[in-house]
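**Student:** This is the structure I want to talk about, given as structure tokens.
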Amino acid sequence: MALIKCPNCQKDISDKANACPNCGYIIPKSKNNFCSECGKPIPLGATVCSNCGCPIDEKSEPIVQAEVYPVKKSKKGLIKSVIIIIVVVAIGALVVPKIQSYKYDSNLSYTINLIVDNSVMIEETGILMHDVWYNSVFEQEDSKTDKFTKNEYGEFNEDFNDSLNNLYNDPEFSSKVYSLKENHEEIISNMKSLTNPPAKYKEAYSHMKTLYNDYVAFYNIIMKLNGNLLTYTEDFNEADEKISEDLEILRLYY
């Protein structure tokens, strides 16, 4: 162990000491002091600068290079960030499914109502088509159908197809058919968005598909007219009844 001068009080102290026992001065950990003349490092205890030859004034305080210690980064910031992320993920896990569920529920309910509204229009349209067809074949007078089933002389059309064509060319009837087609396209689009229901809606969606399939069959009966009056009437009434049954089941969910 060697003795060196305390930079503050100039008392002899051990070169191993962390602080001067006389004045309490904290001894720097650097092994070198620096020359006040040229600034080059000099060993502790040296009396002459080895670079410029300047004598070391033992009474003056040597220039000491401060030790630079890396600052430890606080883990509090990292922990806080992790907590925030966990909270955000947890909130997302709770909120997002609820938002998706609400959105699905709204879309399902809206589509059911749209099918109901369009089915009512199909029913009204289909009944009018039936009455025009029936009254034309059996020459039945009716204030609602006479303008379609009779010619300008007030005589019944010889061919019921002429009566149906008169109905199709009627502006009011054509407008209703156009609305039916528009609503039908929207229903198809909505059904595509309902194909992956949340778990709680799987059963309701299963019944919804049945309603949709029966609705499409009902729609096609009036849009793709074929067969005779008897088969048309039977198919129309059967499809209409299925729609009513499907809606009764879905009322359990809505």
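In the structure tokens, chains take the letters A, B, ... in the order shown, each chain's residues start at 1, and ligands count up from 1 in the order shown.
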For segment 176-184 of chain A, work out the shell of residues within 7 Å, counting only C-alpha atoms and skipping chain neighbours fewer than 4 positions away, then give it as a list in words.
**Tutor:**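 The neighbour list is Asn118, Glu172 and Ile188 of chain A.
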**Student:** If you count only C-alpha atoms, which residues fall within 12 Å of Ser206 of chain A, apart from same-chain ones fewer than 4 positions away, as a ChimeraX atom specification?
**Tutor:** /A:108,191,194-197,199-202,210-213,246,249-250,253
**Student:** Per DSSP on the backbone, filter segment 92-244 of chain A down to the residues in helix (DSSP H, G or I) and report them as an MDAnalysis selection string.
**Tutor:** chainID A and resid 92:137 146:149 160:168 171:193 199:223 229:244
**Student:** For Val116 of chain A, please output as a CSV table (one decimal) with all heavy atoms, in the first residue's frame all residues within 10 Å (counting only C-alpha atoms; exclusion window: fewer than 6 positions along the same chain).
**Tutor:**
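Output contents, as saved in selection.csv:
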chain,number,residue,atom,x,y,z
A,110,TYR,N,-82.2,-6.4,-38.6
A,110,TYR,CA,-82.6,-5.6,-39.7
A,110,TYR,C,-83.0,-6.5,-40.9
A,110,TYR,O,-83.9,-6.2,-41.6
A,110,TYR,CB,-81.5,-4.7,-40.1
A,110,TYR,CG,-81.7,-3.9,-41.4
A,110,TYR,CD1,-82.5,-2.8,-41.4
A,110,TYR,CD2,-81.0,-4.3,-42.5
A,110,TYR,CE1,-82.7,-2.1,-42.5
A,110,TYR,CE2,-81.2,-3.6,-43.7
A,110,TYR,CZ,-82.1,-2.5,-43.7
A,110,TYR,OH,-82.3,-1.8,-44.9
A,122,ILE,N,-94.5,-9.3,-51.5
A,122,ILE,CA,-94.7,-10.5,-52.4
A,122,ILE,C,-96.1,-11.1,-52.3
A,122,ILE,O,-96.7,-11.4,-53.3
A,122,ILE,CB,-93.6,-11.6,-52.0
A,122,ILE,CG1,-92.2,-11.1,-52.4
A,122,ILE,CG2,-94.0,-12.9,-52.8
A,122,ILE,CD1,-91.1,-12.1,-51.9
A,211,LEU,N,-85.5,-19.5,-42.9
A,211,LEU,CA,-86.4,-18.4,-43.3
A,211,LEU,C,-86.0,-17.8,-44.7
A,211,LEU,O,-86.8,-17.6,-45.6
A,211,LEU,CB,-86.4,-17.2,-42.3
A,211,LEU,CG,-87.1,-15.9,-42.7
A,211,LEU,CD1,-88.6,-16.2,-42.9
A,211,LEU,CD2,-86.9,-14.9,-41.6
A,215,TYR,N,-88.0,-17.8,-48.1
A,215,TYR,CA,-88.3,-16.5,-48.6
A,215,TYR,C,-87.9,-16.5,-50.1
A,215,TYR,O,-88.7,-16.0,-51.0
A,215,TYR,CB,-87.6,-15.4,-47.9
A,215,TYR,CG,-87.3,-14.2,-48.7
A,215,TYR,CD1,-88.4,-13.2,-49.0
A,215,TYR,CD2,-86.1,-14.0,-49.3
A,215,TYR,CE1,-88.1,-12.2,-49.8
A,215,TYR,CE2,-85.8,-12.9,-50.1
A,215,TYR,CZ,-86.9,-12.0,-50.4
A,215,TYR,OH,-86.6,-10.9,-51.2
A,243,ILE,N,-93.3,-19.2,-44.6
A,243,ILE,CA,-92.8,-17.9,-44.1
A,243,ILE,C,-93.3,-17.6,-42.8
A,243,ILE,O,-92.6,-17.2,-41.8
A,243,ILE,CB,-93.1,-16.8,-45.1
A,243,ILE,CG1,-92.3,-17.0,-46.4
A,243,ILE,CG2,-92.7,-15.4,-44.5
A,243,ILE,CD1,-90.9,-16.9,-46.4
A,244,SER,N,-94.6,-17.8,-42.6
A,244,SER,CA,-95.3,-17.5,-41.3
A,244,SER,C,-94.8,-18.4,-40.2
A,244,SER,O,-94.5,-18.0,-39.1
A,244,SER,CB,-96.8,-17.7,-41.5
A,244,SER,OG,-97.4,-16.8,-42.4
A,247,LEU,N,-91.2,-17.4,-39.2
A,247,LEU,CA,-91.2,-16.1,-38.4
A,247,LEU,C,-91.7,-16.4,-36.9
A,247,LEU,O,-91.2,-15.8,-36.0
A,247,LEU,CB,-92.1,-15.1,-39.0
A,247,LEU,CG,-91.6,-14.5,-40.3
A,247,LEU,CD1,-92.6,-13.6,-40.9
A,247,LEU,CD2,-90.3,-13.7,-40.0
**Student:** With only C-alpha atoms as the atoms that count, which of A:Ala204, A:Asp235, A:Trp133, A:Glu186 lies nearest to Asp162 of chain A?
**Tutor:** A:Trp133
**Student:** When you draw a straight line from atom CA of Thr149 of chain A to atom CA of Glu241 of chain A, how long is it in Å?
**Tutor:**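 If I compute the distance from atom CA of Thr149 of chain A to atom CA of Glu241 of chain A, I get 28.1 Å.
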**Student:** Just to confirm, what's the straight-line distance from atom CA of Ile187 of chain A to atom CA of Asp170 of chain A in Å (one decimal)?
**Tutor:**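 Distance reported for this atom pair: 25.8 Å.
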**Student:** Out of A:Asp146, A:Asp131, A:Asp159, A:Glu141, which residue has the shortest atom-to-atom distance to Leu229 of chain A when counting only C-alpha atoms?
**Tutor:** A:Asp131
**Student:** To one decimal place, how far is atom CA of Ile127 of chain A from atom CA of Ile115 of chain A in Å?
**Tutor:** 17.9 Å
**Student:** Contacts of Thr145 of chain A at 12 Å or less, counting only C-alpha atoms, minus same-chain residues fewer than 3 places along, as a ChimeraX atom specification?
**Tutor:** /A:127-136,139-142,148-151,156-157,160,163-164,166-167,170
**Student:** For Asn237 of chain A, which of A:Asp15, A:Asp117, A:Glu123, A:Glu185 is the closest residue, counting only C-alpha atoms?
**Tutor:** A:Glu123
